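Asks: Encoded as structure tokens, here's the structure I'll be asking about.
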Amino acid sequence: MDSKKEFFGMNQLHAYFKNNSDNCIDKWLHYFDIYDLWFRKYKDKPITILEIGVYQGGSLNMWRDYFGEKAQIYAIDINPSCKQFETENTKIFIGSQEDRTFLQKVRSQIPKPDIIIDDGGHSMNQQIVSFEELYGHVKEDGIYLCEDLHTSYWQIYGGGYKKSDSFIEYSKNFIDAINAWHAGDDKLKINELTRSTYGLHYYPSMLIIQRKAMQKPVSRRKGKMILPPEDFPAPRDKRRFFKNINKILNKKVKKFLGR
Ligand SMILES: C[S@@+](CC[C@H](N)C(=O)[O-])C[C@H]1O[C@@H](n2cnc3c(N)ncnc32)[C@H](O)[C@@H]1O
């Protein structure tokens, strides 16, 4: 089959998966539409992709088919046997995604990836350590994708509903981080994530984090006021009100005194 064509309404990745009789691919079926939505723009471009979790090597073959020959593919697995799936432009590093020193070494040996996919062991610490060590290495405008987040609810993976050290709970702090510009609270400060994260996209079992240099968001009004603005209910900042009154009074007093 020509997997480059759509197959009974399936996108190319889903069609490839459905027809795969080569090395096994292990993916949840609803991932294919999400992958295609986010990955489409990278097809046939000289991009760099890093996948954690090789298993039988099937997903690496699928990425090659989808992204094309210009893509540089890197992968990580803890199982040394996975090294056999290495090819000329698909390099595999053997080590644990929970080992910070190993990840730092990988980081130093590869270009900044456009896409990182964490499809490794899916335990809480693995997902958190990998994110902490690798997100900063994602290229500007690139994406970090962590999958199988349902393990955040599974005890055998270290998860549990609202368990403070699950990846899902950890990632909920990202929502605060990207909004920290507005907090004005010592407990929520602008941090590296605030300055480097454009968007967080949650799907069932998956989180996509868009990396992009960010600045404090700006709000402006343009155009005529047809209705009086004071007719629109909004919480009033009393401190601002008194500051403005003070300003006006000071000006009037200065004028009166001739200064
Ligand atoms: C779900 S499979 C990967 C599936 C593959 N991406 C695919 O789509 O076919 C998970 C892989 O993660 C690897 N793995 C488990 N724990 C790991 C760890 N601590 N560090 C790196 N890889 C790990 C396993 O050896 C296994 O190959």
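To be explicit about the labels: the chains of the structure tokens are called A, B, and onward in the order shown, and within each one the residues are counted from 1, while ligands get numbers from 1 in the order they are shown.
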Using only C-alpha atoms and all ligand atoms, which residues have at least one atom no more than 8 Å from ligand 1? Output them as an MDAnalysis selection string.

Replies: chainID A and resid 24:27 51:60 76:79 82 94:99 119:122 126

Asks: Need the shell around Lys43 of chain A: protein/DNA/RNA residues with any atom at most 7 Å away, counting only C-alpha atoms. Skip same-chain ones fewer than 6 positions apart. Format as a list of chain:residue names?

Replies: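 My reading of the contact set: A:Tyr66, A:Phe67, A:Gly68.
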
Asks: Write the residues of the selection above to a file with N, CA and C atoms, as a compact mmCIF listing (two decimals), in the first residue's frame.

Replies:
```txt
# COMPACT_ATOMS: atom_id res chain seq x y z
N TYR A 66 6.67 8.53 7.70
CA TYR A 66 5.84 9.75 7.76
C TYR A 66 6.67 11.02 7.50
N PHE A 67 7.80 11.16 8.18
CA PHE A 67 8.56 12.40 8.09
C PHE A 67 9.49 12.43 6.89
N GLY A 68 9.84 11.26 6.37
CA GLY A 68 10.68 11.21 5.17
C GLY A 68 12.17 11.11 5.48
```

Asks: Kindly assemble as CSV a list of the segment 126-191 of chain A residues that lie within 12 Å of segment 201-208 of chain A, each paired with its nearest atom pair and their distance in Å to one decimal, using only C-alpha atoms, sorted first by chain and then by ascending residue number.

Replies:
```
residue,atom,partner,partner_atom,distance
A:Gln127,CA,A:Leu207,CA,11.4
A:Phe131,CA,A:Leu207,CA,11.5
A:Tyr135,CA,A:Ile208,CA,11.3
A:Gly142,CA,A:Ile208,CA,10.2
A:Ile143,CA,A:Ile208,CA,6.6
A:Tyr144,CA,A:Ile208,CA,5.7
A:Leu145,CA,A:Ile208,CA,4.5
A:Cys146,CA,A:Leu207,CA,5.4
A:Glu147,CA,A:Met206,CA,4.5
A:Asp148,CA,A:Ser205,CA,4.8
A:Leu149,CA,A:Ser205,CA,4.3
A:His150,CA,A:Ser205,CA,5.1
A:Thr151,CA,A:Ser205,CA,8.3
A:Ser152,CA,A:Ser205,CA,9.1
A:Tyr153,CA,A:Ser205,CA,10.3
A:Phe167,CA,A:Leu207,CA,10.2
A:Ile168,CA,A:Leu207,CA,9.0
A:Tyr170,CA,A:Leu207,CA,12.0
A:Ser171,CA,A:Leu207,CA,8.7
A:Lys172,CA,A:Tyr202,CA,10.4
A:Phe174,CA,A:His201,CA,11.1
A:Ile175,CA,A:His201,CA,10.4
```

Asks: Excluding Phe39 of chain A and its own-chain neighbours fewer than 3 positions away, which residues fall within 12 Å of it when counting only C-alpha atoms? Please give them as a count of residues only.

Replies: 28

Asks: Within segment 59-247 of chain A, find each residue whose DSSP state, derived from the backbone, is helix (DSSP H, G or I), and express the selection as an MDAnalysis selection string.

Replies: chainID A and resid 59:67 80:85 100:109 124:137 149:153 155:157 167:178 180:182 192:196 229:231 238:247

Asks: Now that the selection is made, can you save its residues with C-alpha atoms as a short mmCIF file (atom, residue, chain, number, x, y, z; two decimals), in the first residue's frame?

Replies:
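Everything below was put into result-v1.cif:
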```
data_model
loop_
_atom_site.label_atom_id
_atom_site.label_comp_id
_atom_site.auth_asym_id
_atom_site.auth_seq_id
_atom_site.Cartn_x
_atom_site.Cartn_y
_atom_site.Cartn_z
CA SER A 59 7.38 3.37 15.74
CA LEU A 60 10.81 4.45 14.45
CA ASN A 61 9.95 2.89 11.07
CA MET A 62 6.59 4.64 11.14
CA TRP A 63 8.18 8.05 11.84
CA ARG A 64 10.64 7.50 8.98
CA ASP A 65 7.79 6.69 6.61
CA TYR A 66 5.84 9.75 7.76
CA PHE A 67 8.56 12.40 8.09
CA PRO A 80 20.40 -2.75 25.01
CA SER A 81 18.86 -5.08 22.40
CA CYS A 82 17.07 -2.05 20.90
CA LYS A 83 20.42 -0.89 19.55
CA GLN A 84 19.90 -3.32 16.62
CA PHE A 85 17.22 -1.00 15.22
CA ARG A 100 19.70 12.68 34.58
CA THR A 101 23.39 12.22 33.75
CA PHE A 102 22.51 9.94 30.83
CA LEU A 103 19.94 12.40 29.50
CA GLN A 104 22.43 15.26 29.79
CA LYS A 105 24.88 13.21 27.74
CA VAL A 106 22.22 12.51 25.08
CA ARG A 107 21.38 16.22 25.06
CA SER A 108 25.00 17.10 24.39
CA GLN A 109 25.16 14.71 21.43
CA MET A 124 5.86 9.12 37.27
CA ASN A 125 9.52 9.76 37.95
CA GLN A 126 10.52 8.72 34.43
CA GLN A 127 8.11 11.21 32.88
CA ILE A 128 9.04 14.02 35.28
CA VAL A 129 12.83 13.56 35.05
CA SER A 130 12.69 13.32 31.25
CA PHE A 131 10.61 16.48 31.00
CA GLU A 132 12.91 18.37 33.36
CA GLU A 133 16.04 17.33 31.50
CA LEU A 134 14.78 17.54 27.93
CA TYR A 135 12.14 20.26 27.62
CA GLY A 136 14.77 22.99 27.73
CA HIS A 137 16.47 21.33 24.77
CA LEU A 149 -0.69 9.87 30.96
CA HIS A 150 -3.39 7.46 32.20
CA THR A 151 -0.59 5.87 34.23
CA SER A 152 -0.97 8.94 36.46
CA TYR A 153 -4.11 7.16 37.71
CA GLN A 155 -0.99 2.67 41.25
CA ILE A 156 1.47 0.22 39.72
CA TYR A 157 3.06 3.13 37.84
CA PHE A 167 2.82 13.48 36.24
CA ILE A 168 -0.71 14.81 35.73
CA GLU A 169 -0.60 16.70 39.06
CA TYR A 170 2.94 17.88 38.32
CA SER A 171 1.83 19.16 34.90
CA LYS A 172 -1.13 21.06 36.36
CA ASN A 173 1.48 23.46 37.76
CA PHE A 174 2.38 24.32 34.15
CA ILE A 175 -1.05 25.96 33.84
CA ASP A 176 -0.12 28.30 36.71
CA ALA A 177 3.35 28.85 35.26
CA ILE A 178 2.13 30.10 31.87
CA ALA A 180 2.28 33.69 36.23
CA TRP A 181 2.58 37.09 34.49
CA HIS A 182 -0.75 38.01 36.08
CA GLU A 192 11.63 29.47 32.92
CA LEU A 193 8.44 27.67 31.92
CA THR A 194 6.52 30.98 31.86
CA ARG A 195 9.12 32.43 29.54
CA SER A 196 9.37 29.44 27.21
CA PRO A 229 -17.60 51.88 29.68
CA GLU A 230 -18.81 52.45 33.25
CA ASP A 231 -22.11 50.76 32.27
CA LYS A 238 -9.89 50.68 44.81
CA ARG A 239 -6.14 51.31 45.12
CA ARG A 240 -6.01 52.36 41.48
CA PHE A 241 -9.02 54.62 41.93
CA PHE A 242 -7.41 56.48 44.86
CA LYS A 243 -4.08 56.67 43.02
CA ASN A 244 -5.81 58.36 40.08
CA ILE A 245 -7.70 60.79 42.36
CA ASN A 246 -4.39 61.66 44.07
CA LYS A 247 -2.75 62.29 40.72
#
```
